[in-house]
Amino acid sequence: MENKVRFYNTLTRTVETVIPHEDGKIAMYTCGPTVYHFAHIGNLRSYIMEDVLEKTLRYVGYDVKRVMNITDVGHLSSDADTGEDKMLSGAKREHKTVMEIAKFYTDAFFEDCRKLNIRTPDVVEPATNCIQEFIHMIEVLLEKGYAYTAGGNVYFDTSKLDDYYVFSSQSEKELLVGVRDDVEEDVNKRNKNDFVLWFTKSKFEDQALKWESPWGTGYPGWHIECSCISLKHLGEYMDIHCGGVDNIFPHHTNEIAQSESYLGHRWCGYWFHVNHLNDKSGKMSKSKGGFLTVSLLQENGYDPLVYRMFCLQSHYRKPLEFSYEVLDNMSAAYAKLIRRIAELPDEGEMDETAAAAYRARFSDALCSDLNTSMALTVVYDLLKEETNGRTKRALLAEFDQVLSLNLLTAQTAAETAPAVDAELEAYVEEKIKERKAAKKEKDFAKADAIREELAQKGIVIKDTREGTVWEVQG
RNA sequence: GGCGACUUAGCCAAGUGGUAAGGCGUGGGACUGCAACUCCCUGAUCGUCGGUUCAAAUCCGUCAGUCGCCUCCA
């Protein structure tokens, strides 16, 4: 039953069944955040979908070990040695040290993840913890002839590989360097796609983080960290490597080049890439600025889980366009869903026949290239199913292990309303009593006046079958 | 210029050869003094043109549009 999770493998460009290197276990790696600024909701889309993948694997019975790095050094705005380090510019912007910046934004990242019910990976490793490992790998690459030094830096020699462009059918000839105006070409490179493994030449006035190395004092290139950190914690064979589609080239391409050259054998068999969240003007990007964060959504009154649901109702390989209109749509859908579930009576005998059928449908949806939209449909179908509330609740709790939408534990609007003091409560209860009397005497004008009076104070009343209820509008 | 993805009702979206799931919204109805909640009903032939096939949203080709990558990016 385990070997049935299928998803699109960027390496083979087909949907494949995952067959792990070690039976029953999955070694999974995720490129973590660059902690020079807040993660925006587009970044978080990837982490949400990867979270669903991880939980799906666990749901069907795999023992998953997941590792994530934190890029706290070496991420230049350009791969030439003239680019400014993003950590450094973040520190300058906020008048803090690089380490303070890293700490602050790492914490902020995991706080966002917590709000979105994204599980923290089993291992989280900052790049700055692994400098010795980076140096070791670079030494081996130099020994094996896959790397060379030039102009003070160490470069990976892409011409030593038969198949550098593993993810596409592009050839070196077809790739243009400098199609964008702002890219500076590094004259030290032997081949246009060679990339830096170690920098010693730094033009930054205050490069805060530097380490001794056989090539001089300096700092690592961007790609080396993911190779080393994954090897350190997951060993020589990794099953699934995840990230956003924009990492396919050059980052993941370079990781493969380094890792397989270092190891001398095939490294990772399955590559899972999540497509971008766009807004009307195109890709939401950290470097473009003006991006949306989870905190901003909350300030605008949205439950972060509404955003999670927004992501789940789409497919991870499709570009998804963000708009407040669609988020409002989802907000209504989520509130309604939670309310319906909250009303399910916890009664009856567990209906095993129905449960088995729904379990099968649910896991089939997720195992079919992570069809989260279909998984949500299974939830809706279950709510409509002719079976008892206890069975539905039990299944929903189970499905929520993967969906993580707080299906049963989310609070309805009434429950999240601000607390009211006793005085206000007495006042409202009195008014409701007055209104009830007015209604009894068919004095609807007075009844409506009382309702309006309360509404002015932000109190909304509703006549339900069980009597009049009220809540303070948050 | 090269590579790649996407295009299904007002919006989101499933569906990979046999005559279109689901959600939100809209409209109508039931309930309610009214309203809200809830419940019921309500909608598309699948970007264009052409081909393959007994049969295509589903396969092939074409055109168009949108988006992404090509050393900042999830």
# chains A, B, ... in the order shown; residues from 1 in each chain; ligands from 1
call {"tool": "interface_residues", "arguments": {"of": "chain B", "to": "chain A", "cutoff": "8 Å", "atoms": "only C-alpha atoms (C1' of nucleotides)", "output": "compact mmCIF listing (two decimals) with N, CA and C atoms (P, O5', C5', C4', C3', O3' and C1' of nucleotides), in the first residue's frame"}}
result
# COMPACT_ATOMS: atom_id res chain seq x y z
P G B 2 13.85 30.57 -31.08
O5' G B 2 14.57 29.84 -29.87
C5' G B 2 15.74 29.04 -30.10
C4' G B 2 16.21 28.47 -28.79
C3' G B 2 15.16 27.68 -28.02
O3' G B 2 15.05 26.35 -28.49
C1' G B 2 16.22 29.18 -26.55
P C B 3 13.63 25.59 -28.37
O5' C B 3 13.51 25.36 -26.80
C5' C B 3 14.44 24.52 -26.13
C4' C B 3 14.14 24.54 -24.65
C3' C B 3 12.71 24.20 -24.27
O3' C B 3 12.48 22.81 -24.28
C1' C B 3 13.42 26.09 -23.05
P A B 5 5.90 21.52 -21.20
O5' A B 5 5.08 22.45 -20.20
C5' A B 5 5.07 22.18 -18.81
C4' A B 5 4.33 23.29 -18.09
C3' A B 5 2.88 23.47 -18.50
O3' A B 5 2.04 22.55 -17.84
C1' A B 5 3.95 25.57 -18.40
P C B 6 0.72 22.04 -18.59
O5' C B 6 -0.24 23.31 -18.46
C5' C B 6 -0.65 23.76 -17.17
C4' C B 6 -1.23 25.15 -17.29
C3' C B 6 -2.46 25.29 -18.17
O3' C B 6 -3.63 24.95 -17.45
C1' C B 6 -0.95 27.02 -18.67
P C B 11 -15.13 34.41 -15.21
O5' C B 11 -14.75 34.24 -13.67
C5' C B 11 -14.08 35.30 -12.98
C4' C B 11 -13.76 34.83 -11.57
C3' C B 11 -12.97 33.54 -11.49
O3' C B 11 -11.59 33.73 -11.68
C1' C B 11 -14.77 33.43 -9.99
P C B 12 -10.72 32.56 -12.32
O5' C B 12 -10.66 31.46 -11.16
C5' C B 12 -9.87 31.70 -10.00
C4' C B 12 -10.03 30.56 -9.04
C3' C B 12 -9.71 29.17 -9.57
O3' C B 12 -8.32 28.92 -9.67
C1' C B 12 -11.66 29.06 -8.28
P A B 13 -7.78 27.99 -10.83
O5' A B 13 -8.53 26.60 -10.59
C5' A B 13 -8.22 25.82 -9.44
C4' A B 13 -9.21 24.67 -9.34
C3' A B 13 -9.13 23.61 -10.43
O3' A B 13 -8.10 22.68 -10.13
C1' A B 13 -11.39 24.20 -10.05
P A B 14 -7.60 21.69 -11.23
O5' A B 14 -8.62 20.48 -11.19
C5' A B 14 -8.68 19.65 -10.02
C4' A B 14 -9.74 18.61 -10.19
C3' A B 14 -9.59 17.66 -11.36
O3' A B 14 -8.67 16.65 -11.08
C1' A B 14 -11.85 18.32 -11.12
P A B 21 -20.87 16.37 -14.40
O5' A B 21 -19.78 16.40 -13.27
C5' A B 21 -19.94 17.15 -12.11
C4' A B 21 -19.22 16.44 -11.02
C3' A B 21 -19.25 17.17 -9.70
O3' A B 21 -20.45 16.91 -9.01
C1' A B 21 -17.04 16.56 -10.20
P G B 22 -21.33 18.15 -8.54
O5' G B 22 -20.34 18.76 -7.45
C5' G B 22 -19.88 17.96 -6.37
C4' G B 22 -18.74 18.68 -5.69
C3' G B 22 -19.03 20.12 -5.33
O3' G B 22 -19.78 20.22 -4.14
C1' G B 22 -16.92 19.99 -6.35
P G B 23 -20.68 21.50 -3.89
O5' G B 23 -19.62 22.62 -3.57
C5' G B 23 -18.76 22.47 -2.45
C4' G B 23 -17.80 23.62 -2.41
C3' G B 23 -18.45 24.99 -2.46
O3' G B 23 -18.90 25.39 -1.18
C1' G B 23 -16.67 24.92 -3.99
P C B 24 -20.20 26.28 -1.06
O5' C B 24 -19.70 27.70 -1.58
C5' C B 24 -18.72 28.41 -0.83
C4' C B 24 -18.30 29.64 -1.59
C3' C B 24 -19.41 30.56 -2.04
O3' C B 24 -19.88 31.40 -0.99
C1' C B 24 -17.90 30.25 -3.81
P G B 25 -21.38 31.87 -1.01
O5' G B 25 -21.48 32.74 -2.34
C5' G B 25 -20.80 34.00 -2.42
C4' G B 25 -20.91 34.54 -3.82
C3' G B 25 -22.32 34.79 -4.33
O3' G B 25 -22.82 36.03 -3.88
C1' G B 25 -21.07 33.67 -5.99
P G B 33 -42.46 34.31 12.17
O5' G B 33 -42.51 35.52 11.14
C5' G B 33 -43.76 35.89 10.55
C4' G B 33 -43.74 37.33 10.17
C3' G B 33 -42.53 37.78 9.36
O3' G B 33 -42.72 37.49 7.99
C1' G B 33 -42.93 39.32 11.10
P A B 36 -31.05 37.71 4.51
O5' A B 36 -30.16 37.20 5.73
C5' A B 36 -28.99 37.91 6.11
C4' A B 36 -28.41 37.29 7.34
C3' A B 36 -28.14 35.79 7.22
O3' A B 36 -26.89 35.54 6.61
C1' A B 36 -29.29 36.21 9.22
P C B 37 -26.72 34.24 5.70
O5' C B 37 -26.93 33.04 6.73
C5' C B 37 -26.00 32.86 7.80
C4' C B 37 -26.46 31.73 8.67
C3' C B 37 -26.76 30.43 7.96
O3' C B 37 -25.57 29.70 7.70
C1' C B 37 -28.50 30.88 9.49
P C B 67 1.31 38.10 -18.85
O5' C B 67 2.02 36.90 -18.10
C5' C B 67 1.57 36.52 -16.81
C4' C B 67 2.17 35.20 -16.43
C3' C B 67 3.70 35.11 -16.43
O3' C B 67 4.28 35.73 -15.32
C1' C B 67 2.81 33.15 -17.38
P G B 68 5.78 36.24 -15.42
O5' G B 68 6.62 34.91 -15.25
C5' G B 68 6.50 34.15 -14.07
C4' G B 68 7.19 32.83 -14.24
C3' G B 68 8.66 32.90 -14.60
O3' G B 68 9.46 33.17 -13.47
C1' G B 68 7.62 31.28 -15.94
P C B 69 10.83 33.93 -13.67
O5' C B 69 11.77 32.80 -14.25
C5' C B 69 12.09 31.65 -13.47
C4' C B 69 12.94 30.72 -14.29
C3' C B 69 14.15 31.36 -14.95
O3' C B 69 15.23 31.49 -14.05
C1' C B 69 13.02 30.05 -16.53
P C B 70 16.21 32.71 -14.26
O5' C B 70 16.95 32.32 -15.62
C5' C B 70 17.79 31.17 -15.66
C4' C B 70 18.40 31.06 -17.02
C3' C B 70 19.03 32.33 -17.58
O3' C B 70 20.28 32.59 -17.00
C1' C B 70 17.76 31.27 -19.26
P U B 71 20.76 34.10 -16.87
O5' U B 71 21.10 34.31 -15.36
C5' U B 71 20.24 33.89 -14.33
C4' U B 71 21.11 33.53 -13.16
C3' U B 71 21.83 34.73 -12.57
O3' U B 71 21.03 35.14 -11.49
C1' U B 71 23.34 32.95 -12.96
P C B 72 20.97 36.51 -10.96
O5' C B 72 20.55 35.87 -9.56
C5' C B 72 21.23 36.18 -8.38
C4' C B 72 20.20 36.59 -7.39
C3' C B 72 19.07 35.59 -7.16
O3' C B 72 19.50 34.56 -6.29
C1' C B 72 18.21 37.78 -7.30
P C B 73 18.58 33.25 -6.11
O5' C B 73 17.55 33.75 -5.03
C5' C B 73 16.44 32.96 -4.63
C4' C B 73 15.19 33.78 -4.72
C3' C B 73 13.91 32.96 -4.74
O3' C B 73 13.12 33.34 -3.62
C1' C B 73 13.97 34.53 -6.52
P A B 74 13.29 32.62 -2.22
O5' A B 74 12.35 31.37 -2.44
C5' A B 74 12.41 30.25 -1.63
C4' A B 74 11.50 29.23 -2.26
C3' A B 74 11.80 29.03 -3.74
O3' A B 74 12.75 28.00 -3.93
C1' A B 74 9.48 29.42 -3.42
call {"tool": "residues_around", "arguments": {"residues": "Met238 (chain A)", "least_positions_apart": "3", "cutoff": "9 Å", "atoms": "only C-alpha atoms (C1' of nucleotides)", "output": "PyMOL selection string"}}
result
chain A and resi 20-21+26-29+230-231+234-235+241+267-270
call {"tool": "select_by_dssp", "arguments": {"residues": "region 44-199 of chain A", "states": "strand (DSSP E)", "output": "short mmCIF file (atom, residue, chain, number, x, y, z; two decimals) with C-alpha atoms, in the first residue's frame"}}
result
data_model
loop_
_atom_site.label_atom_id
_atom_site.label_comp_id
_atom_site.auth_asym_id
_atom_site.auth_seq_id
_atom_site.Cartn_x
_atom_site.Cartn_y
_atom_site.Cartn_z
CA ASP A 63 8.53 6.88 7.65
CA VAL A 64 9.59 10.31 6.41
CA LYS A 65 12.70 12.20 7.39
CA ARG A 66 12.62 15.74 6.17
CA VAL A 67 15.48 18.19 6.17
CA MET A 68 15.45 21.91 5.45
CA ASN A 69 18.27 24.41 5.25
CA ILE A 70 18.20 28.03 6.24
CA VAL A 123 16.01 18.73 10.80
CA VAL A 124 16.48 22.44 10.20
CA GLU A 125 20.07 23.44 9.55
CA PRO A 126 21.43 26.95 8.94
CA ALA A 147 36.45 22.44 -9.93
CA TYR A 148 39.12 25.04 -10.56
CA THR A 149 40.32 28.25 -8.98
CA ALA A 150 40.36 31.52 -10.85
CA ASN A 153 37.39 32.09 -6.30
CA VAL A 154 36.67 28.40 -6.70
CA TYR A 155 34.37 27.48 -9.57
CA PHE A 156 32.58 24.32 -10.60
CA PHE A 195 29.27 28.69 -10.78
CA VAL A 196 31.10 29.74 -7.67
CA LEU A 197 31.74 27.23 -4.90
CA TRP A 198 33.81 29.52 -2.70
CA PHE A 199 34.44 33.24 -2.76
#
call {"tool": "residues_around", "arguments": {"residues": "C60 (chain B)", "least_positions_apart": "4", "cutoff": "12 Å", "atoms": "only C-alpha atoms (C1' of nucleotides)", "output": "PDB file with N, CA, C and O atoms (P, O5', C5', C4', C3', O3' and C1' of nucleotides), in the first residue's frame"}}
result
ATOM      1  P     G B  50     -12.278  24.303 -39.012  1.00  0.00           P
ATOM      2  O5'   G B  50     -11.120  23.227 -39.105  1.00  0.00           O
ATOM      3  C5'   G B  50     -10.520  22.941 -40.348  1.00  0.00           C
ATOM      4  C4'   G B  50      -9.284  22.099 -40.176  1.00  0.00           C
ATOM      5  C3'   G B  50      -9.446  20.618 -39.871  1.00  0.00           C
ATOM      6  O3'   G B  50      -9.829  19.854 -40.998  1.00  0.00           O
ATOM      7  C1'   G B  50      -7.654  21.496 -38.605  1.00  0.00           C
ATOM      8  P     G B  51     -10.515  18.373 -40.742  1.00  0.00           P
ATOM      9  O5'   G B  51      -9.298  17.500 -40.209  1.00  0.00           O
ATOM     10  C5'   G B  51      -8.202  17.208 -41.058  1.00  0.00           C
ATOM     11  C4'   G B  51      -7.203  16.347 -40.323  1.00  0.00           C
ATOM     12  C3'   G B  51      -7.731  15.017 -39.808  1.00  0.00           C
ATOM     13  O3'   G B  51      -7.755  14.035 -40.816  1.00  0.00           O
ATOM     14  C1'   G B  51      -6.441  16.066 -38.127  1.00  0.00           C
ATOM     15  P     U B  52      -8.707  12.747 -40.638  1.00  0.00           P
ATOM     16  O5'   U B  52      -8.039  11.975 -39.423  1.00  0.00           O
ATOM     17  C5'   U B  52      -6.794  11.311 -39.575  1.00  0.00           C
ATOM     18  C4'   U B  52      -6.462  10.552 -38.319  1.00  0.00           C
ATOM     19  C3'   U B  52      -7.566   9.618 -37.832  1.00  0.00           C
ATOM     20  O3'   U B  52      -7.534   8.375 -38.530  1.00  0.00           O
ATOM     21  C1'   U B  52      -6.741  10.875 -36.009  1.00  0.00           C
ATOM     22  P     U B  53      -8.889   7.749 -39.053  1.00  0.00           P
ATOM     23  O5'   U B  53      -9.636   7.359 -37.711  1.00  0.00           O
ATOM     24  C5'   U B  53      -9.049   6.413 -36.819  1.00  0.00           C
ATOM     25  C4'   U B  53      -9.866   6.348 -35.566  1.00  0.00           C
ATOM     26  C3'   U B  53     -11.370   6.197 -35.787  1.00  0.00           C
ATOM     27  O3'   U B  53     -11.718   4.843 -36.037  1.00  0.00           O
ATOM     28  C1'   U B  53     -10.978   7.864 -34.159  1.00  0.00           C
ATOM     29  P     A B  56     -15.449  12.773 -31.263  1.00  0.00           P
ATOM     30  O5'   A B  56     -14.675  12.581 -29.877  1.00  0.00           O
ATOM     31  C5'   A B  56     -15.286  12.881 -28.614  1.00  0.00           C
ATOM     32  C4'   A B  56     -14.335  13.723 -27.812  1.00  0.00           C
ATOM     33  C3'   A B  56     -13.996  15.017 -28.545  1.00  0.00           C
ATOM     34  O3'   A B  56     -14.854  16.094 -28.204  1.00  0.00           O
ATOM     35  C1'   A B  56     -11.993  13.833 -27.907  1.00  0.00           C
TER      36        A B  56
END
call {"tool": "closest_residue", "arguments": {"among": "B:G4, B:G17, B:G29, B:G61", "to": "C49 (chain B)", "atoms": "only C-alpha atoms (C1' of nucleotides)"}}
result
B:G61
call {"tool": "residues_around", "arguments": {"residues": "A30 (chain B)", "least_positions_apart": "4", "cutoff": "12 Å", "atoms": "only C-alpha atoms (C1' of nucleotides)", "output": "list in words"}}
result
U38, C39, C40 and C41 of chain B
call {"tool": "select_by_dssp", "arguments": {"residues": "region 257-334 of chain A", "states": "helix (DSSP H, G or I)", "output": "ChimeraX atom specification"}}
result
/A:257-263,294-299,304-312,324-334
call {"tool": "write_last_selection", "arguments": {"atoms": "N, CA, C and O atoms", "output": "short mmCIF file (atom, residue, chain, number, x, y, z; two decimals), in the first residue's frame"}}
result
data_model
loop_
_atom_site.label_atom_id
_atom_site.label_comp_id
_atom_site.auth_asym_id
_atom_site.auth_seq_id
_atom_site.Cartn_x
_atom_site.Cartn_y
_atom_site.Cartn_z
N ALA A 257 24.83 18.73 -10.09
CA ALA A 257 26.18 18.71 -10.64
C ALA A 257 27.21 18.48 -9.53
O ALA A 257 28.06 17.59 -9.61
N GLN A 258 27.09 19.23 -8.45
CA GLN A 258 28.03 19.12 -7.34
C GLN A 258 27.93 17.78 -6.64
O GLN A 258 28.93 17.09 -6.42
N SER A 259 26.71 17.42 -6.27
CA SER A 259 26.51 16.24 -5.44
C SER A 259 26.92 14.97 -6.17
O SER A 259 27.58 14.11 -5.61
N GLU A 260 26.50 14.84 -7.42
CA GLU A 260 26.80 13.61 -8.14
C GLU A 260 28.28 13.55 -8.53
O GLU A 260 28.86 12.46 -8.57
N SER A 261 28.89 14.67 -8.77
CA SER A 261 30.33 14.68 -9.05
C SER A 261 31.09 14.28 -7.79
O SER A 261 32.06 13.52 -7.85
N TYR A 262 30.63 14.77 -6.69
CA TYR A 262 31.26 14.45 -5.40
C TYR A 262 31.08 12.98 -5.04
O TYR A 262 32.02 12.30 -4.65
N LEU A 263 29.84 12.49 -5.19
CA LEU A 263 29.54 11.12 -4.79
C LEU A 263 30.01 10.09 -5.80
O LEU A 263 30.34 8.97 -5.44
N VAL A 294 1.88 36.78 5.50
CA VAL A 294 0.81 36.20 6.29
C VAL A 294 0.28 37.22 7.30
O VAL A 294 -0.93 37.35 7.49
N SER A 295 1.19 37.96 7.88
CA SER A 295 0.76 38.97 8.86
C SER A 295 -0.16 40.00 8.23
O SER A 295 -1.13 40.44 8.83
N LEU A 296 0.18 40.36 7.01
CA LEU A 296 -0.63 41.36 6.31
C LEU A 296 -2.04 40.81 6.05
O LEU A 296 -3.04 41.53 6.19
N LEU A 297 -2.11 39.53 5.69
CA LEU A 297 -3.42 38.92 5.48
C LEU A 297 -4.22 38.94 6.77
O LEU A 297 -5.41 39.24 6.77
N GLN A 298 -3.54 38.66 7.87
CA GLN A 298 -4.24 38.65 9.16
C GLN A 298 -4.73 40.05 9.52
O GLN A 298 -5.85 40.20 10.00
N GLU A 299 -3.88 41.04 9.24
CA GLU A 299 -4.31 42.41 9.51
C GLU A 299 -5.54 42.78 8.71
O GLU A 299 -6.36 43.58 9.12
N PRO A 304 -5.21 32.74 8.36
CA PRO A 304 -4.16 32.16 7.51
C PRO A 304 -4.57 30.83 6.88
O PRO A 304 -4.14 30.50 5.77
N LEU A 305 -5.41 30.09 7.56
CA LEU A 305 -5.82 28.80 7.00
C LEU A 305 -6.71 28.96 5.77
O LEU A 305 -6.83 28.05 4.97
N VAL A 306 -7.31 30.13 5.63
CA VAL A 306 -8.07 30.41 4.41
C VAL A 306 -7.10 30.43 3.24
O VAL A 306 -7.39 29.93 2.15
N TYR A 307 -5.93 30.98 3.49
CA TYR A 307 -4.91 30.99 2.43
C TYR A 307 -4.44 29.57 2.13
O TYR A 307 -4.21 29.20 0.99
N ARG A 308 -4.29 28.77 3.18
CA ARG A 308 -3.90 27.37 2.97
C ARG A 308 -4.94 26.65 2.09
O ARG A 308 -4.60 25.96 1.14
N MET A 309 -6.21 26.89 2.40
CA MET A 309 -7.27 26.26 1.62
C MET A 309 -7.26 26.77 0.19
O MET A 309 -7.48 26.01 -0.76
N PHE A 310 -6.98 28.04 0.04
CA PHE A 310 -6.86 28.65 -1.28
C PHE A 310 -5.80 27.90 -2.11
O PHE A 310 -5.99 27.62 -3.28
N CYS A 311 -4.71 27.57 -1.46
CA CYS A 311 -3.66 26.81 -2.16
C CYS A 311 -4.08 25.38 -2.44
O CYS A 311 -3.79 24.84 -3.50
N LEU A 312 -4.78 24.78 -1.50
CA LEU A 312 -5.18 23.38 -1.66
C LEU A 312 -6.21 23.18 -2.76
O LEU A 312 -6.26 22.13 -3.38
N TYR A 324 -7.73 39.35 -3.96
CA TYR A 324 -8.57 39.40 -2.76
C TYR A 324 -9.96 38.88 -3.06
O TYR A 324 -10.64 38.37 -2.19
N GLU A 325 -10.38 39.00 -4.31
CA GLU A 325 -11.70 38.51 -4.67
C GLU A 325 -11.78 37.00 -4.43
O GLU A 325 -12.72 36.48 -3.84
N VAL A 326 -10.75 36.30 -4.91
CA VAL A 326 -10.75 34.85 -4.74
C VAL A 326 -10.55 34.47 -3.28
O VAL A 326 -11.12 33.50 -2.79
N LEU A 327 -9.77 35.26 -2.57
CA LEU A 327 -9.55 34.96 -1.15
C LEU A 327 -10.84 35.17 -0.36
O LEU A 327 -11.14 34.40 0.56
N ASP A 328 -11.61 36.18 -0.73
CA ASP A 328 -12.91 36.40 -0.09
C ASP A 328 -13.81 35.20 -0.34
O ASP A 328 -14.51 34.71 0.55
N ASN A 329 -13.78 34.74 -1.56
CA ASN A 329 -14.52 33.57 -1.97
C ASN A 329 -14.17 32.39 -1.07
O ASN A 329 -15.04 31.70 -0.52
N MET A 330 -12.89 32.19 -0.89
CA MET A 330 -12.41 31.06 -0.10
C MET A 330 -12.72 31.24 1.38
O MET A 330 -12.97 30.29 2.09
N SER A 331 -12.70 32.49 1.80
CA SER A 331 -12.99 32.81 3.19
C SER A 331 -14.42 32.37 3.52
O SER A 331 -14.67 31.75 4.56
N ALA A 332 -15.32 32.66 2.62
CA ALA A 332 -16.72 32.27 2.81
C ALA A 332 -16.84 30.76 2.80
O ALA A 332 -17.54 30.16 3.63
N ALA A 333 -16.14 30.12 1.87
CA ALA A 333 -16.21 28.67 1.76
C ALA A 333 -15.67 28.01 3.02
O ALA A 333 -16.25 27.04 3.53
N TYR A 334 -14.58 28.56 3.54
CA TYR A 334 -13.96 27.97 4.73
C TYR A 334 -14.87 28.10 5.95
O TYR A 334 -15.10 27.15 6.68
#
call {"tool": "residues_around", "arguments": {"residues": "G43 (chain B)", "least_positions_apart": "5", "cutoff": "12 Å", "atoms": "only C-alpha atoms (C1' of nucleotides)", "output": "list in words"}}
result
A9, G10, G25, U26 and G27 of chain B
call {"tool": "closest_residue", "arguments": {"among": "B:U42, B:U48, B:U32, B:U58", "to": "G15 (chain B)", "atoms": "only C-alpha atoms (C1' of nucleotides)"}}
result
B:U58
call {"tool": "residues_around", "arguments": {"residues": "Thr10 (chain A)", "least_positions_apart": "3", "cutoff": "7 Å", "atoms": "only C-alpha atoms (C1' of nucleotides)", "output": "PyMOL selection string"}}
result
chain A and resi 13+167+271-272
call {"tool": "write_last_selection", "arguments": {"atoms": "C-alpha atoms", "output": "short mmCIF file (atom, residue, chain, number, x, y, z; two decimals), in the first residue's frame"}}
result
data_model
loop_
_atom_site.label_atom_id
_atom_site.label_comp_id
_atom_site.auth_asym_id
_atom_site.auth_seq_id
_atom_site.Cartn_x
_atom_site.Cartn_y
_atom_site.Cartn_z
CA ARG A 13 9.10 14.94 -16.88
CA PHE A 167 16.16 19.24 -16.29
CA TRP A 271 12.28 16.27 -7.90
CA PHE A 272 9.10 17.98 -6.80
#
call {"tool": "atom_distance", "arguments": {"atom1": "C1' of G65 (chain B)", "atom2": "CA of Phe291 (chain A)"}}
result
26.3 Å
